[in-house]
Amino acid sequence: MQSFVEELALCVAANGAKGPALLWPEDPTTLSALLGLGRPARPEPGAGPSVPGRPGTEELAAALGRKLHLRVRYSYRFLAAGSHVVEGGPRGAESTVTVLEGACRCVLSRIGEDPAPGPAHPLGMRLRSGGTLFVPRDHTYRLSEVHVPTTLLELHLECLD
């Protein structure tokens, strides 16, 4: 897990002021370590879209926070197959979205811009298990095309008060 923290911290530091980035961890054990974190069970249909994590996730967030000198909040998002469009945003902070299981389409846009894909909008991609997307504070994202149940770990990076 330490290698994931190191790589994610480097990704955030290198891209924070420049724009979005996609991270594929070098360590082949990272995804299995992330899947082994204590996480909540998939919520019942109709429950809220995002749920808090468990102690292993707290340790990951704390380690990343120490490395970046930021407060890191975390949550899990469970998307059912056939989910409608789900929107996420920075909430005044940078964030990361890691796909733990499944896949979905993600379209990034700057706050206030139309997130519809097209020639003027090159920031669309398919996110798959193991990939982490860094979302700068001035961007939002839209998730769609969920064909299988998909589990996301979201980390929100906030300045310390």
# chains A, B, ... in the order shown; residues from 1 in each chain; ligands from 1
$ residues_around --residues "region 93-104 of chain A" --least-positions-apart "5" --cutoff "6 Å" --atoms "only C-alpha atoms" --output "PyMOL selection string"
chain A and resi 126-137+144-146+148-158
$ write_last_selection --atoms "C-alpha atoms" --output "PDB file, in the first residue's frame"
ATOM      1  CA  ARG A 126     -12.958   4.538 -20.006  1.00  0.00           C
ATOM      2  CA  LEU A 127     -11.799   3.864 -16.450  1.00  0.00           C
ATOM      3  CA  ARG A 128     -11.091   0.235 -15.561  1.00  0.00           C
ATOM      4  CA  SER A 129     -10.112  -1.679 -12.428  1.00  0.00           C
ATOM      5  CA  GLY A 130      -6.791  -0.493 -11.084  1.00  0.00           C
ATOM      6  CA  GLY A 131      -6.842   2.963 -12.673  1.00  0.00           C
ATOM      7  CA  THR A 132      -6.836   6.158 -10.629  1.00  0.00           C
ATOM      8  CA  LEU A 133      -7.963   9.485 -12.048  1.00  0.00           C
ATOM      9  CA  PHE A 134      -6.648  12.707 -10.509  1.00  0.00           C
ATOM     10  CA  VAL A 135      -9.277  15.471 -10.701  1.00  0.00           C
ATOM     11  CA  PRO A 136      -8.018  19.046 -10.126  1.00  0.00           C
ATOM     12  CA  ARG A 137     -10.103  21.408  -8.016  1.00  0.00           C
ATOM     13  CA  SER A 144     -21.663   6.806 -17.298  1.00  0.00           C
ATOM     14  CA  GLU A 145     -21.757   3.600 -19.368  1.00  0.00           C
ATOM     15  CA  VAL A 146     -21.665   1.312 -16.345  1.00  0.00           C
ATOM     16  CA  VAL A 148     -21.151  -4.211 -14.669  1.00  0.00           C
ATOM     17  CA  PRO A 149     -21.352  -3.387 -10.953  1.00  0.00           C
ATOM     18  CA  THR A 150     -18.539  -0.918 -10.301  1.00  0.00           C
ATOM     19  CA  THR A 151     -16.848   0.072  -7.047  1.00  0.00           C
ATOM     20  CA  LEU A 152     -14.942   3.358  -6.743  1.00  0.00           C
ATOM     21  CA  LEU A 153     -12.736   4.721  -3.964  1.00  0.00           C
ATOM     22  CA  GLU A 154     -12.830   8.521  -3.887  1.00  0.00           C
ATOM     23  CA  LEU A 155     -10.211  10.524  -2.010  1.00  0.00           C
ATOM     24  CA  HIS A 156     -10.846  14.246  -1.478  1.00  0.00           C
ATOM     25  CA  LEU A 157      -7.696  16.291  -0.790  1.00  0.00           C
ATOM     26  CA  GLU A 158      -8.305  19.382   1.341  1.00  0.00           C
TER      27      GLU A 158
END
$ select_by_dssp --residues "chain A" --states "strand (DSSP E or B)" --output "number ranges by chain"
A: 21-23, 50-51, 70-79, 86-88, 94-101, 103-110, 118, 121, 124-128, 132-135, 139-144, 150-159
